[in-house]
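The next block is coords_32.pdb, given as PDB, C-alpha atoms.
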```pdb
ATOM      1  CA  MET S  30     -24.717 -48.250 -30.228
ATOM      2  CA  ALA S  31     -23.559 -45.070 -28.568
ATOM      3  CA  SER S  32     -22.945 -42.165 -30.892
ATOM      4  CA  ALA S  33     -19.376 -40.986 -31.349
ATOM      5  CA  LYS S  34     -18.344 -37.790 -29.589
ATOM      6  CA  ARG S  35     -17.894 -34.729 -31.731
ATOM      7  CA  PRO S  36     -14.287 -33.587 -32.154
ATOM      8  CA  ARG S  37     -13.329 -30.944 -29.639
ATOM      9  CA  PRO S  38     -12.582 -27.463 -31.002
ATOM     10  CA  GLU S  39      -9.107 -26.016 -30.562
ATOM     11  CA  THR S  40      -9.312 -24.320 -27.145
ATOM     12  CA  GLU S  41      -6.691 -21.706 -28.005
ATOM     13  CA  THR S  42      -9.046 -20.255 -30.628
ATOM     14  CA  MET S  43     -12.037 -19.992 -28.299
ATOM     15  CA  ARG S  44     -12.912 -16.649 -26.743
ATOM     16  CA  VAL S  45     -15.377 -15.487 -24.122
ATOM     17  CA  GLU S  46     -16.901 -12.346 -25.593
ATOM     18  CA  ASP S  47     -18.963 -11.431 -22.520
ATOM     19  CA  VAL S  48     -17.109 -12.297 -19.303
ATOM     20  CA  ASP S  49     -19.984 -10.786 -17.295
ATOM     21  CA  ALA S  50     -21.860 -14.002 -18.060
ATOM     22  CA  LEU S  51     -19.422 -15.770 -15.725
ATOM     23  CA  ASP S  52     -20.068 -13.387 -12.822
ATOM     24  CA  CYS S  53     -22.591 -13.590 -10.006
ATOM     25  CA  GLY S  54     -25.775 -11.683 -10.815
ATOM     26  CA  VAL S  55     -25.794 -10.063  -7.356
ATOM     27  CA  CYS S  56     -22.229  -9.279  -6.244
ATOM     28  CA  TYR S  57     -20.692  -9.435  -9.762
ATOM     29  CA  HIS S  58     -17.706 -11.449  -8.536
ATOM     30  CA  PRO S  59     -16.530 -14.430 -10.609
ATOM     31  CA  LEU S  60     -18.762 -17.467 -10.149
ATOM     32  CA  LYS S  61     -17.198 -20.561  -8.602
ATOM     33  CA  PRO S  62     -18.758 -23.780  -7.243
ATOM     34  CA  PRO S  63     -21.161 -24.188  -5.632
ATOM     35  CA  ILE S  64     -23.275 -22.146  -8.056
ATOM     36  CA  PHE S  65     -27.038 -21.764  -7.772
ATOM     37  CA  GLN S  66     -29.800 -20.697 -10.116
ATOM     38  CA  CYS S  67     -33.447 -19.856  -9.761
ATOM     39  CA  LYS S  68     -36.287 -21.444 -11.738
ATOM     40  CA  GLU S  69     -35.787 -18.822 -14.420
ATOM     41  CA  GLY S  70     -32.076 -19.604 -14.773
ATOM     42  CA  HIS S  71     -30.580 -16.589 -12.985
ATOM     43  CA  ALA S  72     -27.204 -17.644 -11.558
ATOM     44  CA  LEU S  73     -25.505 -16.445  -8.378
ATOM     45  CA  CYS S  74     -22.779 -17.534  -5.967
ATOM     46  CA  SER S  75     -23.370 -19.496  -2.773
ATOM     47  CA  SER S  76     -22.603 -16.474  -0.571
ATOM     48  CA  CYS S  77     -25.315 -14.349  -2.178
ATOM     49  CA  ARG S  78     -27.717 -17.322  -2.183
ATOM     50  CA  ASP S  79     -27.275 -17.640   1.588
ATOM     51  CA  LYS S  80     -28.002 -13.943   2.064
ATOM     52  CA  LEU S  81     -31.164 -14.148  -0.042
ATOM     53  CA  ALA S  82     -32.331 -17.532   1.271
ATOM     54  CA  PRO S  83     -34.477 -16.071   4.128
ATOM     55  CA  THR S  84     -36.599 -14.198   1.576
ATOM     56  CA  GLY S  85     -37.320 -17.367  -0.392
ATOM     57  CA  LYS S  86     -36.738 -15.490  -3.616
ATOM     58  CA  CYS S  87     -33.806 -14.623  -5.850
ATOM     59  CA  HIS S  88     -32.787 -11.116  -6.837
ATOM     60  CA  VAL S  89     -35.169 -11.441  -9.814
ATOM     61  CA  ARG S  90     -37.707 -14.153  -8.974
ATOM     62  CA  GLY S  91     -38.095 -17.673  -7.611
ATOM     63  CA  GLY S  92     -36.022 -19.895  -5.315
ATOM     64  CA  TYR S  93     -32.664 -21.518  -5.981
ATOM     65  CA  ARG S  94     -31.168 -24.911  -6.764
ATOM     66  CA  ARG S  95     -27.652 -26.068  -7.689
ATOM     67  CA  CYS S  96     -26.577 -25.360 -11.256
ATOM     68  CA  ARG S  97     -24.179 -28.198 -12.086
ATOM     69  CA  ALA S  98     -23.879 -27.231 -15.743
ATOM     70  CA  MET S  99     -22.677 -23.724 -14.882
ATOM     71  CA  GLU S 100     -20.220 -25.136 -12.349
ATOM     72  CA  ARG S 101     -18.728 -27.409 -14.981
ATOM     73  CA  LEU S 102     -18.555 -24.532 -17.450
ATOM     74  CA  VAL S 103     -16.689 -22.067 -15.220
ATOM     75  CA  GLU S 104     -14.191 -24.752 -14.222
ATOM     76  CA  THR S 105     -13.237 -25.240 -17.889
ATOM     77  CA  VAL S 106     -12.669 -21.543 -18.642
ATOM     78  CA  LEU S 107      -8.927 -20.928 -18.403
ATOM     79  CA  VAL S 108      -7.468 -17.445 -18.734
ATOM     80  CA  ALA S 109      -3.938 -16.132 -19.028
ATOM     81  CA  CYS S 110      -2.469 -13.934 -16.317
ATOM     82  CA  PRO S 111      -2.577 -10.231 -17.324
ATOM     83  CA  ASN S 112       1.142 -10.138 -16.514
ATOM     84  CA  ALA S 113       1.973 -12.540 -19.346
ATOM     85  CA  ASP S 114       3.931  -9.812 -21.145
ATOM     86  CA  HIS S 115       6.153  -9.573 -18.060
ATOM     87  CA  GLY S 116       6.949 -13.285 -17.911
ATOM     88  CA  CYS S 117       4.029 -14.965 -16.116
ATOM     89  CA  ASN S 118       3.008 -18.196 -17.861
ATOM     90  CA  ALA S 119       0.170 -19.071 -15.489
ATOM     91  CA  ARG S 120      -3.157 -20.160 -16.951
ATOM     92  CA  LEU S 121      -5.867 -20.182 -14.338
ATOM     93  CA  ILE S 122      -9.497 -21.023 -13.873
ATOM     94  CA  TYR S 123     -11.445 -17.817 -14.432
ATOM     95  CA  TYR S 124     -12.520 -17.389 -10.808
ATOM     96  CA  ASP S 125      -8.975 -17.942  -9.484
ATOM     97  CA  LEU S 126      -7.531 -15.012 -11.453
ATOM     98  CA  PRO S 127      -8.216 -12.211  -8.900
ATOM     99  CA  GLY S 128      -6.457 -14.145  -6.136
ATOM    100  CA  HIS S 129      -3.481 -14.904  -8.374
ATOM    101  CA  CYS S 130      -3.091 -11.256  -9.405
ATOM    102  CA  LYS S 131      -2.769 -10.225  -5.743
ATOM    103  CA  VAL S 132       0.395 -12.313  -5.361
ATOM    104  CA  CYS S 133       1.734 -12.703  -8.912
ATOM    105  CA  PRO S 134       5.547 -12.328  -8.743
ATOM    106  CA  HIS S 135       5.557 -10.918 -12.270
ATOM    107  CA  ALA S 136       3.292  -7.955 -11.473
ATOM    108  CA  PRO S 137       4.966  -4.800 -12.833
ATOM    109  CA  CYS S 138       6.231  -1.705 -11.045
ATOM    110  CA  HIS S 139       6.963   1.710 -12.512
ATOM    111  CA  CYS S 140      10.465   3.112 -12.371
ATOM    112  CA  PRO S 141      10.565   5.948  -9.800
ATOM    113  CA  GLY S 142      12.543   8.118 -12.226
ATOM    114  CA  GLU S 143      10.455  11.180 -13.039
ATOM    115  CA  SER S 144      10.911  11.007 -16.818
ATOM    116  CA  CYS S 145      11.468   7.228 -17.118
ATOM    117  CA  SER S 146       8.751   5.057 -18.652
ATOM    118  CA  PHE S 147      10.179   1.666 -17.672
ATOM    119  CA  VAL S 148       7.631  -0.822 -16.333
ATOM    120  CA  GLY S 149       8.553  -4.334 -15.257
ATOM    121  CA  PRO S 150       8.648  -6.930 -12.460
ATOM    122  CA  THR S 151      10.576  -6.052  -9.303
ATOM    123  CA  LYS S 152      13.653  -8.109 -10.180
ATOM    124  CA  GLN S 153      13.867  -6.481 -13.627
ATOM    125  CA  LEU S 154      13.371  -3.083 -12.016
ATOM    126  CA  VAL S 155      16.414  -3.691  -9.788
ATOM    127  CA  ASP S 156      18.572  -4.357 -12.877
ATOM    128  CA  HIS S 157      17.086  -1.294 -14.577
ATOM    129  CA  ILE S 158      17.781   1.202 -11.793
ATOM    130  CA  THR S 159      21.394   0.093 -11.486
ATOM    131  CA  GLY S 160      22.112  -0.426 -15.195
ATOM    132  CA  SER S 161      20.163   2.433 -16.807
ATOM    133  CA  HIS S 162      20.296   5.052 -14.046
ATOM    134  CA  GLY S 163      23.376   4.046 -12.064
ATOM    135  CA  TRP S 164      21.575   4.535  -8.745
ATOM    136  CA  PRO S 165      23.308   2.739  -5.853
ATOM    137  CA  CYS S 166      21.587  -0.463  -4.754
ATOM    138  CA  THR S 167      22.631  -2.469  -1.704
ATOM    139  CA  LYS S 168      21.656  -6.142  -1.611
ATOM    140  CA  ARG S 169      21.308  -7.797   1.768
ATOM    141  CA  ILE S 170      19.845 -11.052   3.074
ATOM    142  CA  ILE S 171      19.780  -9.980   6.725
ATOM    143  CA  THR S 172      17.289  -7.789   8.531
ATOM    144  CA  ARG S 173      19.649  -5.173  10.011
ATOM    145  CA  VAL S 174      22.203  -3.336   7.876
ATOM    146  CA  CYS S 175      24.355  -0.221   8.022
ATOM    147  CA  LEU S 176      24.106   1.846   4.850
ATOM    148  CA  GLN S 177      26.185   4.622   3.387
ATOM    149  CA  LEU S 178      23.681   6.825   1.595
ATOM    150  CA  LYS S 179      24.306   9.378  -1.129
ATOM    151  CA  ASP S 180      22.177  12.407  -1.930
ATOM    152  CA  GLY S 181      19.246  11.445  -4.155
ATOM    153  CA  PHE S 182      17.938   7.927  -4.775
ATOM    154  CA  ASN S 183      19.398   4.938  -2.929
ATOM    155  CA  PHE S 184      17.974   1.423  -3.089
ATOM    156  CA  LEU S 185      18.028  -1.591  -0.804
ATOM    157  CA  THR S 186      16.884  -5.132  -1.614
ATOM    158  CA  VAL S 187      16.147  -7.676   1.109
ATOM    159  CA  ASP S 188      15.072 -11.252   0.439
ATOM    160  CA  HIS S 189      13.088 -11.498   3.685
ATOM    161  CA  MET S 190      12.246  -9.594   6.853
ATOM    162  CA  VAL S 191      11.461 -10.633  10.422
ATOM    163  CA  ASP S 192       8.511  -9.263  12.413
ATOM    164  CA  ASN S 193       8.775  -8.266  16.068
ATOM    165  CA  ASP S 194       7.360 -11.673  17.032
ATOM    166  CA  GLY S 195      10.091 -13.451  15.071
ATOM    167  CA  THR S 196       7.906 -14.424  12.103
ATOM    168  CA  THR S 197       9.732 -14.470   8.761
ATOM    169  CA  VAL S 198       7.983 -12.405   6.086
ATOM    170  CA  ARG S 199       8.721 -12.880   2.386
ATOM    171  CA  SER S 200       7.661 -10.671  -0.483
ATOM    172  CA  THR S 201       5.179 -11.940  -3.079
ATOM    173  CA  THR S 202       7.632 -10.748  -5.743
ATOM    174  CA  GLY S 203      10.576 -12.675  -4.279
ATOM    175  CA  VAL S 204      12.423  -9.619  -2.979
ATOM    176  CA  PHE S 205      11.641  -6.480  -0.958
ATOM    177  CA  LEU S 206      12.783  -3.332  -2.752
ATOM    178  CA  PHE S 207      13.159  -0.122  -0.763
ATOM    179  CA  LEU S 208      13.797   3.370  -2.092
ATOM    180  CA  LEU S 209      15.631   5.706   0.281
ATOM    181  CA  ASN S 210      15.521   9.263  -1.013
ATOM    182  CA  VAL S 211      18.095  11.552   0.615
ATOM    183  CA  ALA S 212      17.395  15.279   0.313
ATOM    184  CA  ARG S 213      19.568  18.100   1.664
ATOM    185  CA  GLN S 214      17.901  20.433   4.158
ATOM    186  CA  PRO S 215      19.166  23.722   5.685
ATOM    187  CA  PHE S 216      20.226  21.936   8.894
ATOM    188  CA  GLY S 217      20.979  18.423   7.638
ATOM    189  CA  ARG S 218      19.378  15.790   5.429
ATOM    190  CA  ALA S 219      15.893  14.314   5.247
ATOM    191  CA  ILE S 220      15.441  10.647   4.323
ATOM    192  CA  SER S 221      12.188   9.313   2.864
ATOM    193  CA  VAL S 222      11.702   5.547   2.751
ATOM    194  CA  PHE S 223       9.385   3.821   0.283
ATOM    195  CA  CYS S 224       8.637   0.160  -0.357
ATOM    196  CA  ILE S 225       8.294  -0.434  -4.091
ATOM    197  CA  ASP S 226       5.851  -3.299  -4.506
ATOM    198  CA  PRO S 227       3.111  -3.831  -7.118
ATOM    199  CA  HIS S 228       0.806  -5.327  -4.482
ATOM    200  CA  CYS S 229       0.977  -2.419  -2.028
ATOM    201  CA  THR S 230      -1.241   0.387  -3.304
ATOM    202  CA  TYR S 231      -2.842   1.622  -6.502
ATOM    203  CA  ASP S 232      -3.377   5.209  -7.557
ATOM    204  CA  GLY S 233      -5.720   4.577 -10.488
ATOM    205  CA  GLN S 234      -2.895   4.720 -13.019
ATOM    206  CA  GLY S 235      -1.130   1.464 -12.140
ATOM    207  CA  PRO S 236       1.062   0.104  -9.356
ATOM    208  CA  SER S 237       2.802   2.650  -7.200
ATOM    209  CA  SER S 238       5.181   2.881  -4.256
ATOM    210  CA  LYS S 239       4.064   2.799  -0.668
ATOM    211  CA  THR S 240       5.472   5.176   1.902
ATOM    212  CA  ILE S 241       6.801   3.532   5.047
TER
END
```

Please go through the file and, once you have read it, give me the structure as structure tokens.
Amino acid sequence: MASAKRPRPETETMRVEDVDALDCGVCYHPLKPPIFQCKEGHALCSSCRDKLAPTGKCHVRGGYRRCRAMERLVETVLVACPNADHGCNARLIYYDLPGHCKVCPHAPCHCPGESCSFVGPTKQLVDHITGSHGWPCTKRIITRVCLQLKDGFNFLTVDHMVDNDGTTVRSTTGVFLFLLNVARQPFGRAISVFCIDPHCTYDGQGPSSKTI
């Protein structure tokens, strides 16, 4: 008679204390199938295995073979998106998290106001700049618009853009948000244009704007 399976623990109470154990031992990127291990049990990804295959040895010792147990393990480790506090409910396999973060529509942006500490997704930021700061914001769904700009901050939201070759481009956040800063100069006005997008650039202190 087959023995009964042990009751499964509540997954919401389980934690991975050392996430490095789920990373490749060579490139340190998250492991995903196919996963290989040497005779001593050192795990690495298929890309690094292919690079080391000509040497006949792993980065520590020995050759490699598939590690089915590790593959099954990493495919059962689900993690919450780091943007959960901003409304993202996605739960992903551990190795899919980096790719999701690059396009997560809930990724936060900082308010461009110098003394403002607001941080939130692009769509919330649009409501914030108009409601809290009263900065003018023009909403358009076409690619070419005529704008009446005031001195200081002006904003423009566009739901899509069209490249020179006619290809439609859509933002990962659902809307393109542009900041047009109008500054008076001795002989006229200077206009700086920025695209505010959490997936554009990073300055080491969080998402930032990208100059066009």

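Closest approach to Leu102 of chain S among S:Leu206, S:Leu51, S:Cys74, S:Cys166 is made by S:Leu51 (distances from all atoms listed in the file).
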
List every residue of segment 107-207 of chain S that has an atom at most 9 Å from any atom of segment 52-73 of chain S, and for each one report the closest atom pair and its distance in Å to one decimal, counting all atoms listed in the file, with rows sorted by chain and then by increasing residue number, as JSON lines.
```
{"residue": "S:Tyr123", "atom": "CA", "partner": "S:Pro59", "partner_atom": "CA", "distance": 7.2}
{"residue": "S:Tyr124", "atom": "CA", "partner": "S:Pro59", "partner_atom": "CA", "distance": 5.0}
{"residue": "S:Asp125", "atom": "CA", "partner": "S:Pro59", "partner_atom": "CA", "distance": 8.4}
{"residue": "S:Pro127", "atom": "CA", "partner": "S:Pro59", "partner_atom": "CA", "distance": 8.8}
```

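Counting all atoms listed in the file and comparing S:His115, S:Lys80, S:His135, S:Arg120, the residue that lies closest to His228 of chain S is S:His135.
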
Interatomic distance, atom CA of Asp180 of chain S to atom CA of Ile158 of chain S (Å, one decimal): 15.6 Å

Test item: which residues lie within 12 Å of (14.5, -2.7, -13.7) counting all atoms listed in the file, as number ranges by chain: S: 115, 137-142, 145-164, 166, 184, 206, 225

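Between atom CA of Val191 of chain S and atom CA of His129 of chain S the interatomic distance comes to 24.4 Å.
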
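With atom CA of Asn112 of chain S on one side and atom CA of Val204 of chain S on the other, the separation reads 17.6 Å.
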
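Each of S:Thr105, S:Thr202, S:Ser144, S:Thr167 was compared to Leu121 of chain S using only C-alpha atoms, and S:Thr105 turns out to be the nearest.
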
Neighbours of point (15.1, 8.9, -0.6) within 10 Å, using only C-alpha atoms, written as number ranges by chain: S: 178-184, 207-212, 219-223

Residues near Ala119 of chain S, cut-off 8 Å, only C-alpha atoms, skip fewer than 3 positions along chain, as a list in words: Ala109, Cys110 and Ala113 of chain S

Top pick for closest residue to Ser200 of chain S, considering S:Ser75, S:Leu185, S:Pro134, S:Arg169 and counting all atoms listed in the file: S:Pro134

Option closest in space to Asn118 of chain S, from S:Thr201, S:Cys77, S:Cys133, S:Asp188 [counting all atoms listed in the file]: S:Cys133
